[in-house]
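K.L.:
Sharing a structure below in structure tokens format, with a few things to ask.
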Amino acid sequence: MKYIKNILAFIGLIAVVSTLIFAVQSNEGEEKPIDIEEETTDKNVADTYQISAIEIPEDLNFAGEPVPQDDPEIMERVDREFLVNTYWQSNALLLMKRANKYFPIIEPILKKNGIPDDFKYLAVAESGLQNVVSPAGATGFWQIMKATGREYGLEINNNVDERYHVEKATQVACEYLNKWKDRFGSWTLTAAAYNAGPAGIQKYMDIQQVDDYYDLLLGQETGRYVFRILAIKEIISNRDKYGFQLDEDDMYEKVPTFTVEVDSAVSSWADFAELYEINYKILKRHNPWLREPHLNNASRKKYTIEIPNKGYYRVGNVGK
């Protein structure tokens, strides 16, 4: 009996071995299943994304005034702004897209007033080319304070605030910059004065007995200010060099408009917009300096209103 059991066990072992051999032969040439967990664990991020130092151009300048690149402390500050503004990719992309839309408006006004073209990047540094308001109340692309705007002829009240008018605000910025360039003699110091105020820059110069921006010990914001402008200028001007791949159709563009003159009160801008087959939101988008849904205009001042050309916006049932 025991002999028969041993024979049966031996036969069973042969059957198991035969099955295993058949299975191995059947799987020859088949691709090994991927162990997803193992693949994910072993994958190196550096295979697809690499972070490196930024090579700083050798001819950095602001408005033609050279940066002292032989000073290691200066170059650390330059490097910081290049790194921050290159690797904050989402913000840099937005700045490039907006620049395509607004630089053609700003550039000719700068040129007309004899302001170096580099100052368009000051507007980028100030506001990101948006009509923002700072905690101190500085407003618009050029971050103009209420008192300064009024001093230079802008209308600023609850009904109308021309600091939100890109062309008029740019003209005021130019007049302001020219005034302080005459005082400081340097475009770089003038840019710093735009940020900190002329009195503040003059105070630092008097205390420290120097007359060059790069020699001044300044507060955190103004101390970074010109360096940030330099970095923004370089990155926007040479976007391919810094890894930003944008086609022309990726850019924001200004919608073509025509103008309408208004020299009386307007009881409802919504009703006014309807006359031109647009809505209130679209009217305000093109005329952000209109601050209320009506225009008082007791003095019968002449205002120029921008209206988008027909067909550029999808408009619902206006007025219905």
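Residue numbers start at 1 in each chain; chains themselves are named A, B, ... in the order of the structure tokens; ligands are numbered from 1 in the order shown.
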Could you give me, as a list in words, the residues within 8 Å of A:Ile201, counting only C-alpha atoms and dropping anything in the same chain fewer than 4 positions from it?
P.N.:
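Using only C-alpha atoms, the neighbours found are Leu189, Ala192, Ala193, Ala196, Gly197 and Met205 of chain A.
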K.L.:
Can you measure atom CA of A:Ile229 to atom CA of A:Leu246 for me? One decimal in Å is fine.
P.N.:
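Spanning atom CA of A:Ile229 to atom CA of A:Leu246 is a straight-line distance of 21.2 Å.
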K.L.:
For the structure I just gave you, how does DSSP split stretch 227-274 of chain A - specifically, which residues are strand (DSSP E or B)? Reply as a PyMOL selection string.
P.N.:
chain A and resi 257-262+266
K.L.:
The selected residues should be written to file as a PDB file, in the first residue's frame (atoms: N, CA and C atoms).
P.N.:
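After the write, result-v3.pdb holds the following:
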ATOM      1  N   THR A 257     -11.291  99.771 -31.205  1.00  0.00           N
ATOM      2  CA  THR A 257     -12.383 100.606 -30.705  1.00  0.00           C
ATOM      3  C   THR A 257     -12.548 101.851 -31.560  1.00  0.00           C
ATOM      4  N   PHE A 258     -13.673 102.498 -31.368  1.00  0.00           N
ATOM      5  CA  PHE A 258     -13.868 103.859 -31.880  1.00  0.00           C
ATOM      6  C   PHE A 258     -14.308 104.713 -30.701  1.00  0.00           C
ATOM      7  N   THR A 259     -14.297 106.016 -30.859  1.00  0.00           N
ATOM      8  CA  THR A 259     -14.592 106.904 -29.730  1.00  0.00           C
ATOM      9  C   THR A 259     -15.875 107.691 -29.950  1.00  0.00           C
ATOM     10  N   VAL A 260     -16.508 107.994 -28.842  1.00  0.00           N
ATOM     11  CA  VAL A 260     -17.722 108.808 -28.826  1.00  0.00           C
ATOM     12  C   VAL A 260     -17.525 109.914 -27.797  1.00  0.00           C
ATOM     13  N   GLU A 261     -17.829 111.145 -28.144  1.00  0.00           N
ATOM     14  CA  GLU A 261     -17.672 112.256 -27.209  1.00  0.00           C
ATOM     15  C   GLU A 261     -18.983 112.529 -26.484  1.00  0.00           C
ATOM     16  N   VAL A 262     -18.853 112.756 -25.184  1.00  0.00           N
ATOM     17  CA  VAL A 262     -20.014 113.036 -24.327  1.00  0.00           C
ATOM     18  C   VAL A 262     -19.743 114.342 -23.595  1.00  0.00           C
ATOM     19  N   VAL A 266     -24.889 111.746 -17.984  1.00  0.00           N
ATOM     20  CA  VAL A 266     -25.417 110.463 -18.462  1.00  0.00           C
ATOM     21  C   VAL A 266     -26.098 109.799 -17.275  1.00  0.00           C
TER      22      VAL A 266
END
K.L.:
Excluding A:Pro104 and its own-chain neighbours fewer than 5 positions away, which residues fall within 12 Å of it when counting only C-alpha atoms? Please give them as a list in words.
P.N.:
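Returned residues: Arg98, Ala99, Ile109, Leu110, Lys111, Asp117, Lys120, Val166, Glu167, Tyr252, Glu253 and Lys254 of chain A.
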K.L.:
Would you output that residue set with N, CA, C and O atoms, as a short mmCIF file (atom, residue, chain, number, x, y, z; two decimals), in the first residue's frame?
P.N.:
data_model
loop_
_atom_site.label_atom_id
_atom_site.label_comp_id
_atom_site.auth_asym_id
_atom_site.auth_seq_id
_atom_site.Cartn_x
_atom_site.Cartn_y
_atom_site.Cartn_z
N ARG A 98 0.21 90.42 -21.17
CA ARG A 98 -0.33 91.78 -21.00
C ARG A 98 0.54 92.83 -21.70
O ARG A 98 0.02 93.81 -22.25
N ALA A 99 1.85 92.61 -21.66
CA ALA A 99 2.76 93.56 -22.31
C ALA A 99 2.44 93.68 -23.80
O ALA A 99 2.48 94.78 -24.37
N ILE A 109 3.76 107.24 -25.95
CA ILE A 109 3.62 108.35 -25.00
C ILE A 109 4.95 108.60 -24.31
O ILE A 109 5.36 109.76 -24.11
N LEU A 110 5.67 107.53 -23.94
CA LEU A 110 7.01 107.69 -23.39
C LEU A 110 7.91 108.41 -24.39
O LEU A 110 8.63 109.35 -24.04
N LYS A 111 7.88 107.96 -25.62
CA LYS A 111 8.75 108.53 -26.66
C LYS A 111 8.45 110.00 -26.87
O LYS A 111 9.37 110.83 -26.98
N ASP A 117 12.55 104.18 -23.12
CA ASP A 117 11.61 103.08 -23.30
C ASP A 117 11.61 102.11 -22.12
O ASP A 117 10.59 101.46 -21.84
N LYS A 120 8.71 101.58 -19.43
CA LYS A 120 7.50 100.77 -19.54
C LYS A 120 7.58 99.58 -18.59
O LYS A 120 6.55 99.09 -18.11
N VAL A 166 -5.42 104.69 -18.98
CA VAL A 166 -4.02 104.31 -19.25
C VAL A 166 -3.27 105.45 -19.94
O VAL A 166 -2.15 105.80 -19.52
N GLU A 167 -3.84 106.02 -20.98
CA GLU A 167 -3.13 107.08 -21.71
C GLU A 167 -2.88 108.31 -20.84
O GLU A 167 -1.76 108.84 -20.80
N TYR A 252 -2.29 88.45 -25.38
CA TYR A 252 -3.49 89.28 -25.29
C TYR A 252 -3.37 90.43 -26.28
O TYR A 252 -2.28 90.97 -26.50
N GLU A 253 -4.47 90.83 -26.85
CA GLU A 253 -4.47 91.91 -27.81
C GLU A 253 -5.55 92.93 -27.46
O GLU A 253 -6.60 92.58 -26.90
N LYS A 254 -5.29 94.17 -27.81
CA LYS A 254 -6.27 95.22 -27.57
C LYS A 254 -7.39 95.10 -28.60
O LYS A 254 -7.13 94.97 -29.81
#
K.L.:
Taking 2 positions as the minimum chain separation for residues in the same chain, which residues sit within 8 Å of A:Arg300 when counting only C-alpha atoms? Answer as a list of chain:residue names.
P.N.:
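Contacts, with the query itself left out: A:Asp263, A:Ser264, A:Ala265, A:Asn297, A:Ala298, A:Lys302.
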K.L.:
Could you give me the residues within stretch 142-227 of chain A that DSSP places in alpha helix (DSSP H), as a PyMOL selection string?
P.N.:
chain A and resi 146-151+166-184+187-196+198-208+220-227
K.L.:
Can I get the selection written as a compact mmCIF listing (two decimals), in the first residue's frame, with C-alpha atoms?
P.N.:
# COMPACT_ATOMS: atom_id res chain seq x y z
CA LYS A 146 -4.55 111.03 -5.42
CA ALA A 147 -2.69 114.26 -4.58
CA THR A 148 -0.11 113.69 -7.32
CA GLY A 149 -2.77 112.93 -9.91
CA ARG A 150 -4.67 116.11 -9.12
CA GLU A 151 -1.44 118.13 -9.13
CA VAL A 166 -4.02 104.31 -19.25
CA GLU A 167 -3.13 107.08 -21.71
CA LYS A 168 -3.76 109.97 -19.31
CA ALA A 169 -2.02 108.23 -16.41
CA THR A 170 1.00 107.48 -18.62
CA GLN A 171 1.22 111.15 -19.60
CA VAL A 172 1.19 112.18 -15.93
CA ALA A 173 3.88 109.60 -15.13
CA CYS A 174 6.04 111.05 -17.91
CA GLU A 175 5.71 114.61 -16.60
CA TYR A 176 6.51 113.44 -13.09
CA LEU A 177 9.57 111.49 -14.25
CA ASN A 178 10.93 114.36 -16.31
CA LYS A 179 10.60 116.70 -13.35
CA TRP A 180 12.65 114.47 -11.07
CA LYS A 181 15.19 113.55 -13.72
CA ASP A 182 16.00 117.26 -13.87
CA ARG A 183 16.48 117.20 -10.10
CA PHE A 184 18.48 113.97 -9.69
CA TRP A 187 17.24 107.91 -14.66
CA THR A 188 18.06 105.16 -12.15
CA LEU A 189 17.64 107.51 -9.18
CA THR A 190 14.50 108.89 -10.81
CA ALA A 191 13.04 105.38 -10.99
CA ALA A 192 13.89 104.83 -7.31
CA ALA A 193 12.28 108.18 -6.47
CA TYR A 194 9.13 107.07 -8.29
CA ASN A 195 8.89 104.20 -5.81
CA ALA A 196 10.06 105.78 -2.55
CA PRO A 198 11.70 112.13 -4.18
CA ALA A 199 11.93 113.39 -0.59
CA GLY A 200 12.75 109.92 0.68
CA ILE A 201 15.53 109.38 -1.86
CA GLN A 202 16.98 112.82 -1.20
CA LYS A 203 16.98 112.10 2.55
CA TYR A 204 18.94 108.86 2.04
CA MET A 205 21.40 110.64 -0.24
CA ASP A 206 22.00 113.42 2.26
CA ILE A 207 22.50 111.08 5.22
CA GLN A 208 24.75 108.65 3.38
CA GLN A 220 13.67 96.42 1.30
CA GLU A 221 11.17 97.52 -1.35
CA THR A 222 13.13 100.37 -2.94
CA GLY A 223 16.39 98.46 -2.53
CA ARG A 224 15.00 95.72 -4.79
CA TYR A 225 13.05 98.03 -7.08
CA VAL A 226 15.47 98.81 -9.92
CA PHE A 227 16.88 95.27 -9.84
K.L.:
Given the choices A:Pro57, A:Pro293, A:Pro135, A:Pro108, which gets closest to A:Gln69 if the distance is worked out from only C-alpha atoms?
P.N.:
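Going through A:Pro57, A:Pro293, A:Pro135, A:Pro108 one by one, the smallest distance to A:Gln69 is for A:Pro57.
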K.L.:
Quick one, how far is atom CA of A:Tyr214 from atom CA of A:Ile74?
P.N.:
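Between atom CA of A:Tyr214 and atom CA of A:Ile74 the gap works out to 7.5 Å.
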